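Chemist: Here you go, this is target-v5.cif (mmCIF, C-alpha atoms).
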```cif
data_protein
loop_
_atom_site.label_atom_id
_atom_site.label_comp_id
_atom_site.auth_asym_id
_atom_site.auth_seq_id
_atom_site.Cartn_x
_atom_site.Cartn_y
_atom_site.Cartn_z
CA MET A 1 -22.96 -36.63 16.82
CA ARG A 2 -23.48 -36.13 13.07
CA SER A 3 -25.43 -32.94 13.76
CA ARG A 4 -22.50 -31.69 15.83
CA THR A 5 -20.15 -32.56 12.99
CA VAL A 6 -22.16 -30.49 10.56
CA TRP A 7 -22.08 -27.46 12.84
CA LEU A 8 -18.37 -27.96 13.45
CA ILE A 9 -17.66 -27.99 9.72
CA ALA A 10 -19.71 -24.83 9.27
CA LEU A 11 -17.89 -23.15 12.16
CA VAL A 12 -14.50 -24.03 10.69
CA ALA A 13 -15.58 -22.61 7.33
CA VAL A 14 -16.69 -19.37 8.99
CA LEU A 15 -13.44 -19.09 10.92
CA ALA A 16 -11.39 -19.74 7.80
CA VAL A 17 -13.15 -16.94 5.94
CA ALA A 18 -12.88 -14.62 8.93
CA ILE A 19 -9.15 -15.27 9.21
CA GLY A 20 -8.79 -14.52 5.52
CA VAL A 21 -10.62 -11.23 5.95
CA VAL A 22 -8.57 -10.28 8.99
CA ASN A 23 -5.23 -11.11 7.34
CA ARG A 24 -6.01 -8.81 4.45
CA ARG A 25 -6.78 -5.91 6.77
CA TRP A 26 -4.05 -5.97 9.36
CA ALA A 27 -0.51 -5.01 8.56
CA PRO A 28 2.72 -4.99 10.55
CA VAL A 29 2.91 -2.37 13.26
CA HIS A 30 6.26 -1.26 14.48
CA LYS A 31 5.91 0.49 17.78
CA VAL A 32 8.89 2.58 18.64
CA GLY A 33 9.54 4.11 22.00
CA ALA A 34 6.74 3.50 24.44
CA GLY A 35 5.83 -0.17 24.65
CA SER A 36 8.56 -1.38 22.36
CA GLY A 37 11.52 -1.20 24.69
CA GLY A 38 13.35 1.14 22.35
CA GLU A 39 14.03 4.86 22.43
CA SER A 40 11.70 6.73 20.14
CA LYS A 41 13.39 8.97 17.62
CA LEU A 42 12.48 12.51 16.76
CA ALA A 43 10.53 12.60 13.54
CA PRO A 44 12.77 14.17 10.89
CA ASP A 45 11.72 17.73 10.24
CA PHE A 46 10.77 18.81 6.78
CA SER A 47 9.72 21.97 5.00
CA LEU A 48 7.51 21.53 1.96
CA THR A 49 4.90 23.53 0.11
CA ASP A 50 1.43 22.09 0.32
CA LEU A 51 -1.11 21.92 -2.49
CA ASP A 52 -2.58 25.25 -1.43
CA GLY A 53 0.80 26.92 -1.79
CA ARG A 54 1.39 27.25 1.93
CA LYS A 55 4.56 26.29 3.77
CA LEU A 56 4.23 22.91 5.47
CA ASN A 57 6.80 22.53 8.24
CA LEU A 58 6.56 19.60 10.61
CA ALA A 59 8.13 21.70 13.36
CA ASP A 60 5.05 23.95 13.33
CA TYR A 61 3.01 21.04 14.68
CA LYS A 62 5.05 20.40 17.78
CA GLY A 63 2.65 20.15 20.68
CA LYS A 64 0.14 18.28 18.53
CA VAL A 65 -0.29 14.59 17.84
CA VAL A 66 0.43 14.07 14.16
CA LEU A 67 -0.54 11.28 11.79
CA LEU A 68 1.93 11.50 8.92
CA ASP A 69 0.61 9.58 5.93
CA PHE A 70 2.86 8.60 3.04
CA TRP A 71 0.44 7.71 0.25
CA ALA A 72 -0.20 8.01 -3.48
CA THR A 73 -3.26 8.49 -5.65
CA TRP A 74 -2.63 5.20 -7.46
CA CYS A 75 -2.34 3.21 -4.23
CA GLY A 76 -5.60 1.41 -3.48
CA PRO A 77 -5.01 0.73 0.22
CA CYS A 78 -3.92 4.38 0.66
CA ARG A 79 -7.14 5.65 -0.86
CA THR A 80 -9.16 3.37 1.40
CA GLU A 81 -7.57 4.91 4.48
CA ILE A 82 -8.15 8.52 3.50
CA PRO A 83 -11.85 8.86 4.37
CA HIS A 84 -10.99 7.62 7.85
CA PHE A 85 -8.25 10.21 8.17
CA VAL A 86 -10.71 12.91 7.16
CA GLU A 87 -13.05 11.66 9.87
CA MET A 88 -10.27 11.60 12.44
CA GLN A 89 -9.28 15.14 11.56
CA ASN A 90 -12.86 16.24 12.10
CA LYS A 91 -13.15 14.29 15.33
CA TYR A 92 -9.85 15.10 17.01
CA GLY A 93 -8.66 18.26 15.29
CA THR A 94 -9.81 20.57 18.08
CA ASN A 95 -8.03 18.39 20.64
CA GLY A 96 -4.59 18.93 19.17
CA PHE A 97 -4.48 16.32 16.40
CA GLN A 98 -3.30 16.85 12.85
CA VAL A 99 -3.16 14.63 9.80
CA ILE A 100 -0.49 15.48 7.23
CA GLY A 101 -0.43 13.76 3.86
CA ILE A 102 2.79 13.25 1.92
CA SER A 103 2.03 12.06 -1.59
CA MET A 104 4.61 9.93 -3.35
CA ASP A 105 3.07 10.55 -6.78
CA ASP A 106 5.57 11.53 -9.44
CA ASP A 107 3.87 14.86 -9.98
CA ALA A 108 1.33 17.08 -8.26
CA LYS A 109 -1.44 17.13 -10.88
CA PRO A 110 -3.28 13.91 -9.93
CA VAL A 111 -2.73 14.72 -6.25
CA ARG A 112 -4.31 18.14 -6.62
CA GLU A 113 -7.26 16.64 -8.50
CA PHE A 114 -7.75 14.01 -5.82
CA TYR A 115 -7.38 16.57 -3.04
CA GLN A 116 -10.01 18.82 -4.58
CA GLN A 117 -12.39 16.07 -5.59
CA TYR A 118 -12.46 14.48 -2.15
CA LYS A 119 -12.10 17.75 -0.22
CA LEU A 120 -9.39 16.59 2.11
CA ASN A 121 -9.40 18.61 5.31
CA TYR A 122 -5.70 18.39 6.07
CA PRO A 123 -2.55 19.65 4.37
CA VAL A 124 -1.05 17.53 1.63
CA ALA A 125 2.31 18.01 -0.07
CA VAL A 126 4.21 16.01 -2.64
CA GLY A 127 7.26 14.29 -1.17
CA ASP A 128 10.27 12.66 -2.75
CA ASP A 129 12.73 9.84 -2.21
CA LYS A 130 15.01 12.04 -0.10
CA LEU A 131 12.27 12.68 2.44
CA ALA A 132 11.24 9.03 2.34
CA GLU A 133 14.80 7.95 3.11
CA ARG A 134 14.93 10.29 6.09
CA TYR A 135 11.95 8.41 7.44
CA GLY A 136 13.72 5.09 7.11
CA GLY A 137 12.61 4.36 3.57
CA VAL A 138 9.13 4.22 2.12
CA LEU A 139 9.52 1.03 0.11
CA GLY A 140 5.83 0.33 -0.26
CA LEU A 141 2.66 2.20 0.49
CA PRO A 142 0.97 3.26 2.62
CA VAL A 143 3.35 4.04 5.44
CA ASN A 144 1.96 5.96 8.39
CA PHE A 145 3.73 7.47 11.36
CA ILE A 146 2.07 8.50 14.60
CA ILE A 147 4.11 11.33 16.12
CA ASP A 148 3.60 12.44 19.70
CA ARG A 149 3.36 15.98 21.04
CA ASP A 150 7.12 16.09 21.60
CA GLY A 151 7.75 15.33 17.95
CA ARG A 152 8.85 11.75 18.59
CA ILE A 153 7.77 8.81 16.45
CA TYR A 154 5.38 6.73 18.52
CA ALA A 155 4.45 4.15 15.90
CA ARG A 156 5.10 3.24 12.29
CA HIS A 157 2.56 1.34 10.25
CA LEU A 158 3.52 -0.29 6.99
CA GLY A 159 0.66 -1.32 4.75
CA ALA A 160 -3.08 -1.00 5.19
CA THR A 161 -3.96 -0.72 8.87
CA ASP A 162 -7.31 -0.97 10.55
CA VAL A 163 -8.52 2.50 11.47
CA SER A 164 -9.28 1.41 15.03
CA VAL A 165 -5.53 1.00 15.57
CA PHE A 166 -4.84 4.59 14.53
CA ASP A 167 -7.79 5.77 16.56
CA GLN A 168 -6.58 4.09 19.73
CA GLU A 169 -3.02 5.33 19.37
CA VAL A 170 -4.15 8.88 18.75
CA GLN A 171 -6.52 8.79 21.69
CA ASP A 172 -3.75 7.44 23.92
CA LEU A 173 -1.40 10.23 22.91
CA LEU A 174 -4.02 12.96 23.12
CA ALA A 175 -4.77 11.86 26.66
CA LYS A 176 -1.16 12.53 27.66
CA HIS A 177 -0.32 16.12 28.46
CA MET B 1 -25.72 -36.37 4.31
CA ASN B 2 -29.47 -36.69 4.93
CA SER B 3 -31.83 -33.76 4.43
CA SER B 4 -31.89 -32.80 8.12
CA TYR B 5 -28.12 -32.42 8.37
CA ARG B 6 -27.99 -30.74 4.97
CA ASN B 7 -30.51 -28.16 6.15
CA GLN B 8 -28.52 -27.53 9.30
CA PHE B 9 -25.37 -27.08 7.27
CA PHE B 10 -26.92 -24.52 4.95
CA ILE B 11 -28.51 -22.66 7.85
CA ALA B 12 -25.07 -22.37 9.40
CA ILE B 13 -23.58 -21.05 6.17
CA TYR B 14 -26.49 -18.60 5.79
CA PHE B 15 -25.85 -17.08 9.21
CA ALA B 16 -22.15 -16.89 8.45
CA ALA B 17 -22.91 -15.00 5.26
CA LEU B 18 -25.20 -12.62 7.16
CA VAL B 19 -22.26 -11.73 9.35
CA LEU B 20 -19.49 -11.54 6.76
CA LEU B 21 -21.05 -10.24 3.57
CA PRO B 22 -21.95 -6.78 4.92
CA ALA B 23 -18.31 -6.27 5.85
CA ALA B 24 -17.14 -7.43 2.44
CA ASN B 25 -19.58 -5.24 0.56
CA ALA B 26 -19.40 -2.14 2.67
CA GLN B 27 -20.79 0.95 1.03
CA ALA B 28 -18.35 3.66 0.00
CA PRO B 29 -17.81 6.00 2.93
CA VAL B 30 -19.73 9.25 2.78
CA LEU B 31 -18.61 12.28 4.69
CA PHE B 32 -20.24 15.65 4.96
CA ASP B 33 -18.05 18.67 4.60
CA GLY B 34 -20.66 21.28 5.36
CA THR B 35 -21.57 21.90 1.74
CA GLY B 36 -22.82 18.44 0.90
CA PRO B 37 -21.91 14.79 0.92
CA VAL B 38 -18.48 13.71 -0.30
CA VAL B 39 -18.65 10.14 -1.48
CA PHE B 40 -15.36 8.30 -1.54
CA ASP B 41 -16.44 6.05 -4.38
CA PHE B 42 -13.07 5.33 -5.91
CA GLN B 43 -12.31 1.77 -6.91
CA ALA B 44 -9.11 0.00 -6.06
CA ALA B 45 -6.39 1.20 -8.44
CA GLY B 46 -5.48 -2.19 -9.89
CA SER B 47 -4.56 -5.78 -9.32
CA ALA B 48 -1.94 -8.16 -10.61
CA ASP B 49 -4.00 -11.21 -9.82
CA SER B 50 -4.79 -11.96 -13.44
CA ILE B 51 -1.16 -12.51 -14.43
CA PRO B 52 -0.80 -16.28 -14.93
CA ARG B 53 1.05 -18.02 -12.13
CA SER B 54 3.34 -19.64 -14.68
CA GLN B 55 4.66 -16.17 -15.52
CA LEU B 56 5.56 -15.25 -11.98
CA ILE B 57 8.97 -15.55 -10.39
CA THR B 58 9.56 -15.37 -6.67
CA PRO B 59 12.09 -12.97 -5.15
CA GLU B 60 14.10 -15.92 -3.90
CA ASP B 61 14.37 -17.48 -7.34
CA LEU B 62 15.20 -14.21 -9.04
CA ALA B 63 17.86 -13.38 -6.48
CA LYS B 64 19.43 -16.81 -6.98
CA SER B 65 19.45 -16.43 -10.74
CA LEU B 66 21.01 -12.98 -10.51
CA THR B 67 23.87 -14.15 -8.32
CA ALA B 68 24.52 -17.41 -10.16
CA ALA B 69 27.53 -17.01 -12.41
CA THR B 70 26.35 -19.28 -15.18
CA THR B 71 22.71 -18.32 -15.54
CA PRO B 72 21.92 -15.83 -18.33
CA LYS B 73 20.49 -12.69 -16.81
CA PRO B 74 17.07 -11.44 -17.88
CA LEU B 75 16.38 -7.84 -18.76
CA LEU B 76 15.08 -6.34 -15.52
CA LEU B 77 12.60 -3.50 -15.90
CA GLY B 78 11.22 -1.49 -13.00
CA VAL B 79 7.64 -0.40 -13.64
CA GLY B 80 6.77 1.04 -10.27
CA PRO B 81 6.89 4.57 -8.90
CA ARG B 82 10.02 6.64 -9.38
CA SER B 83 10.42 7.44 -5.69
CA LEU B 84 10.54 3.74 -4.88
CA TYR B 85 13.09 2.98 -7.59
CA ALA B 86 15.29 5.85 -6.45
CA GLN B 87 15.32 4.61 -2.85
CA ALA B 88 16.02 1.01 -3.70
CA HIS B 89 15.98 -1.11 -6.81
CA ILE B 90 17.37 -4.36 -8.13
CA PRO B 91 20.94 -3.77 -9.37
CA GLY B 92 21.15 -3.77 -13.13
CA SER B 93 17.46 -3.02 -13.56
CA GLU B 94 16.28 -0.17 -15.75
CA TYR B 95 13.54 2.24 -14.74
CA MET B 96 10.71 2.58 -17.22
CA GLY B 97 8.14 4.60 -15.35
CA ALA B 98 4.97 3.44 -13.64
CA GLY B 99 3.19 0.76 -15.63
CA SER B 100 -0.12 2.40 -14.76
CA SER B 101 0.89 5.63 -16.52
CA ASP B 102 0.83 6.35 -20.25
CA GLY B 103 4.35 7.70 -20.01
CA GLY B 104 5.61 4.59 -18.30
CA ARG B 105 4.10 2.25 -20.86
CA LYS B 106 5.40 4.42 -23.69
CA GLN B 107 8.90 4.26 -22.25
CA LEU B 108 8.57 0.49 -21.87
CA LEU B 109 7.54 0.05 -25.48
CA HIS B 110 10.40 2.26 -26.62
CA ARG B 111 12.87 0.18 -24.65
CA VAL B 112 11.77 -3.17 -26.03
CA LYS B 113 10.88 -2.27 -29.61
CA ALA B 114 14.19 -3.45 -31.06
CA LEU B 115 14.44 -6.58 -28.97
CA PRO B 116 13.74 -10.12 -30.19
CA HIS B 117 10.38 -11.29 -28.96
CA ASN B 118 11.92 -14.19 -27.09
CA THR B 119 14.07 -11.90 -24.93
CA ALA B 120 13.91 -12.90 -21.28
CA ILE B 121 12.35 -9.98 -19.44
CA VAL B 122 11.39 -9.63 -15.79
CA LEU B 123 9.06 -6.82 -14.77
CA TYR B 124 8.77 -5.68 -11.18
CA CYS B 125 7.16 -3.03 -9.02
CA GLY B 126 6.70 -3.58 -5.27
CA CYS B 127 4.68 -0.44 -4.52
CA CYS B 128 1.80 -2.22 -2.86
CA PRO B 129 0.46 -5.62 -1.93
CA TRP B 130 0.29 -7.82 -5.02
CA ASP B 131 -3.48 -7.76 -5.32
CA HIS B 132 -3.44 -3.93 -5.27
CA CYS B 133 -0.50 -3.21 -7.55
CA PRO B 134 -1.67 -1.03 -10.44
CA ASN B 135 1.59 -1.24 -12.39
CA VAL B 136 2.75 -4.74 -13.26
CA GLN B 137 -0.32 -5.96 -15.09
CA PRO B 138 -0.56 -3.07 -17.58
CA ALA B 139 3.16 -3.40 -18.30
CA TYR B 140 2.88 -7.16 -18.69
CA ASP B 141 -0.13 -6.84 -20.98
CA GLU B 142 1.71 -4.35 -23.21
CA LEU B 143 4.57 -6.76 -23.75
CA ARG B 144 2.31 -9.73 -24.33
CA VAL B 145 0.26 -7.83 -26.90
CA LEU B 146 3.50 -6.98 -28.72
CA GLY B 147 4.31 -10.67 -28.91
CA PHE B 148 6.96 -10.99 -26.21
CA SER B 149 6.82 -14.60 -25.15
CA ASN B 150 9.39 -14.77 -22.37
CA VAL B 151 8.10 -12.23 -19.87
CA LYS B 152 7.94 -12.92 -16.19
CA VAL B 153 6.79 -10.73 -13.34
CA LEU B 154 8.44 -10.62 -9.94
CA PHE B 155 5.85 -11.71 -7.42
CA ILE B 156 6.01 -9.23 -4.54
CA ALA B 157 3.35 -10.20 -2.02
CA ASN B 158 3.58 -7.16 0.26
CA ASN B 159 6.00 -4.49 -0.97
CA PHE B 160 9.57 -4.14 -2.18
CA GLY B 161 10.87 -3.29 1.26
CA THR B 162 9.46 -6.34 3.00
CA ASP B 163 9.86 -8.89 0.23
CA TRP B 164 13.21 -7.88 -1.27
CA VAL B 165 15.22 -5.40 0.77
CA ASP B 166 14.49 -6.90 4.19
CA LYS B 167 15.31 -10.36 2.86
CA GLY B 168 18.84 -9.19 2.16
CA TYR B 169 18.66 -9.50 -1.62
CA PRO B 170 20.91 -7.22 -3.70
CA VAL B 171 19.88 -3.55 -3.72
CA ALA B 172 21.08 -0.43 -5.51
CA LYS B 173 20.05 3.18 -4.95
CA GLY B 174 19.60 6.19 -7.16
CA GLU B 175 18.03 6.67 -10.54
#
```
Spit out the file's structure as structure tokens when you get a sec.
Modeler:
Amino acid sequence: MRSRTVWLIALVAVLAVAIGVVNRRWAPVHKVGAGSGGESKLAPDFSLTDLDGRKLNLADYKGKVVLLDFWATWCGPCRTEIPHFVEMQNKYGTNGFQVIGISMDDDAKPVREFYQQYKLNYPVAVGDDKLAERYGGVLGLPVNFIIDRDGRIYARHLGATDVSVFDQEVQDLLAKH
Amino acid sequence: MNSSYRNQFFIAIYFAALVLLPAANAQAPVLFDGTGPVVFDFQAAGSADSIPRSQLITPEDLAKSLTAATTPKPLLLGVGPRSLYAQAHIPGSEYMGAGSSDGGRKQLLHRVKALPHNTAIVLYCGCCPWDHCPNVQPAYDELRVLGFSNVKVLFIANNFGTDWVDKGYPVAKGE
């Protein structure tokens, strides 16, 4: 009995730590449209200039599954997600997937330095509060939107999100034609 | 606990550590872009965890004090990103600039330089989860170094949207 008690205590300790780890990694997911019972909205179009000086229009990506990432160079959880987005772009880019980064930094200089240092393989532009408001408000970072091939918002993720969640959603949408 | 049970206990903890520590100490991701490895070795931008708990104020308490007619109002200073402040901020607060930036801290110091050191000040950000916020601690430290003794920081656990706006507390827009 006492031996069982010892193992039980150890198991509870492990579970408590595991729950703590999990709670720090998972963030609220708001699924719109499919699976949520609501009608998914069209993602607001925008026309920006990316860090390479090219026009970045969301409308140009209709027909693709888009991961729209509102982030900033000073945001720790945002930076943690970025290597995974680079990997996803490599993995799914030829299947009709596109990551787009919208930086909420106050100016482009640190964004450009970050972009060049870490060789991001997707377009990044600097956004502003007007664009953020059109997407329902970006009142904390990161905020990520998964947009389907029809340009509709499939999911919104506020806060750090486990990459497997993004991966699954993107795979689900890429499988639909 | 006799030695046999103690040994079993520590064996259990050892196996737990074998499972959990690798996840906690994961190496920085390394990707290959065709020209060579790109190591994402950046550290987390900052943390507000070292601000003493006694200097924190919850959103609920601050909201109550702001709406109470008789309570003297503190000087509210926003030290987060401009885009966040422009979308939503606490009415009556002044925007200083990001506490993590030299410009933001300079503006903060300029604002407070003529104030008595016992002025009630509340700093807030709300950009990120509390333990990742890069802005409130540098701003708080600046004021403490100057000798301001009545500085509190709004404790925002998740972000300004979740912990202030969605709770229905007063909000203003614009810069």
Chemist: Residues of chain A within 10 Å of chain B, counting only C-alpha atoms, what are they? List them as number ranges by chain.
Modeler: A: 2-11, 13-15, 17-18, 21, 24, 27, 72-80, 82-84, 86-87, 90, 104-106, 117-121, 127-133, 137-142, 158-160
Chemist: With a distance cut-off of 7 Å and all atoms listed in the file, select the neighbouring residues of region 48-59 of chain A, excluding the residue or stretch itself and same-chain residues fewer than 6 positions from it, and output the selection as an MDAnalysis selection string.
Modeler: chainID A and resid 112 123:125
Chemist: Would you translate the PyMOL selection byres ((chain B and resi 140-149) around 9) into the concrete set of residues it matches in this file, as JSON, numbers by chain?
Modeler: {"B": [51, 99, 105, 108, 109, 112, 113, 116, 117, 118, 119, 120, 121, 123, 135, 136, 137, 138, 139, 150, 151, 152, 153]}
Chemist: Please write the residues from the selection above to a file, keeping C-alpha atoms, as an mmCIF file, in the frame of the given file.
Modeler:
```
data_model
loop_
_atom_site.group_PDB
_atom_site.id
_atom_site.type_symbol
_atom_site.label_atom_id
_atom_site.label_comp_id
_atom_site.auth_asym_id
_atom_site.auth_seq_id
_atom_site.Cartn_x
_atom_site.Cartn_y
_atom_site.Cartn_z
ATOM 1 C CA ILE B 51 -1.160 -12.510 -14.430
ATOM 2 C CA GLY B 99 3.190 0.760 -15.630
ATOM 3 C CA ARG B 105 4.100 2.250 -20.860
ATOM 4 C CA LEU B 108 8.570 0.490 -21.870
ATOM 5 C CA LEU B 109 7.540 0.050 -25.480
ATOM 6 C CA VAL B 112 11.770 -3.170 -26.030
ATOM 7 C CA LYS B 113 10.880 -2.270 -29.610
ATOM 8 C CA PRO B 116 13.740 -10.120 -30.190
ATOM 9 C CA HIS B 117 10.380 -11.290 -28.960
ATOM 10 C CA ASN B 118 11.920 -14.190 -27.090
ATOM 11 C CA THR B 119 14.070 -11.900 -24.930
ATOM 12 C CA ALA B 120 13.910 -12.900 -21.280
ATOM 13 C CA ILE B 121 12.350 -9.980 -19.440
ATOM 14 C CA LEU B 123 9.060 -6.820 -14.770
ATOM 15 C CA ASN B 135 1.590 -1.240 -12.390
ATOM 16 C CA VAL B 136 2.750 -4.740 -13.260
ATOM 17 C CA GLN B 137 -0.320 -5.960 -15.090
ATOM 18 C CA PRO B 138 -0.560 -3.070 -17.580
ATOM 19 C CA ALA B 139 3.160 -3.400 -18.300
ATOM 20 C CA ASN B 150 9.390 -14.770 -22.370
ATOM 21 C CA VAL B 151 8.100 -12.230 -19.870
ATOM 22 C CA LYS B 152 7.940 -12.920 -16.190
ATOM 23 C CA VAL B 153 6.790 -10.730 -13.340
#
```
Chemist: Which residue, B:Ala69, B:Phe155, B:Gly168, B:Val79, has the smallest gap to Ser54 (chain B) when you use all atoms listed in the file?
Modeler: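 Of B:Ala69, B:Phe155, B:Gly168, B:Val79, the one nearest Ser54 (chain B) is B:Phe155, counting all atoms listed in the file.
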Chemist: If I take CA of Pro74 (chain B) and CA of Pro59 (chain B), how far is one from the other in Å, to one decimal?
Modeler: 13.8 Å
Chemist: What's the separation between CA of Gly80 (chain B) and CA of Gln116 (chain A), in Å to one decimal place?
Modeler: 25.1 Å
Chemist: Once the PyMOL selection byres ((chain B and resi 61-67) around 10) has been evaluated on this model, what residues remain selected, and can you format them as a CSV table (one decimal) with C-alpha atoms, in the coordinates of the input?
Modeler:
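Result went into part31.csv, see below:
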```csv
chain,number,residue,atom,x,y,z
B,57,ILE,CA,9.0,-15.6,-10.4
B,58,THR,CA,9.6,-15.4,-6.7
B,59,PRO,CA,12.1,-13.0,-5.2
B,60,GLU,CA,14.1,-15.9,-3.9
B,68,ALA,CA,24.5,-17.4,-10.2
B,69,ALA,CA,27.5,-17.0,-12.4
B,70,THR,CA,26.4,-19.3,-15.2
B,71,THR,CA,22.7,-18.3,-15.5
B,72,PRO,CA,21.9,-15.8,-18.3
B,73,LYS,CA,20.5,-12.7,-16.8
B,74,PRO,CA,17.1,-11.4,-17.9
B,90,ILE,CA,17.4,-4.4,-8.1
B,91,PRO,CA,20.9,-3.8,-9.4
B,92,GLY,CA,21.2,-3.8,-13.1
B,122,VAL,CA,11.4,-9.6,-15.8
B,154,LEU,CA,8.4,-10.6,-9.9
B,155,PHE,CA,5.8,-11.7,-7.4
B,164,TRP,CA,13.2,-7.9,-1.3
B,168,GLY,CA,18.8,-9.2,2.2
B,169,TYR,CA,18.7,-9.5,-1.6
B,170,PRO,CA,20.9,-7.2,-3.7
```
Chemist: Name the residues that the PyMOL selection byres ((chain A and resi 169) around 12) picks from the file above, as an MDAnalysis selection string, using the file's chain letters and numbers.
Modeler: chainID A and resid 29 31 34:35 65:67 88 97 145:148 153:157 162:168 170:176
Chemist: Using all atoms listed in the file, pick whichever of A:Gln89, A:Thr94, A:Asn144, A:Ser40 has the shortest atom-to-atom distance to Phe70 (chain A).
Modeler: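 Of A:Gln89, A:Thr94, A:Asn144, A:Ser40, the one nearest Phe70 (chain A), counting all atoms listed in the file, is A:Asn144.
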Chemist: What is the distance, in Å and to one decimal place, between CA of Ile102 (chain A) and CA of Tyr135 (chain A)?
Modeler: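 We find that CA of Ile102 (chain A) and CA of Tyr135 (chain A) lie 11.7 Å from each other.
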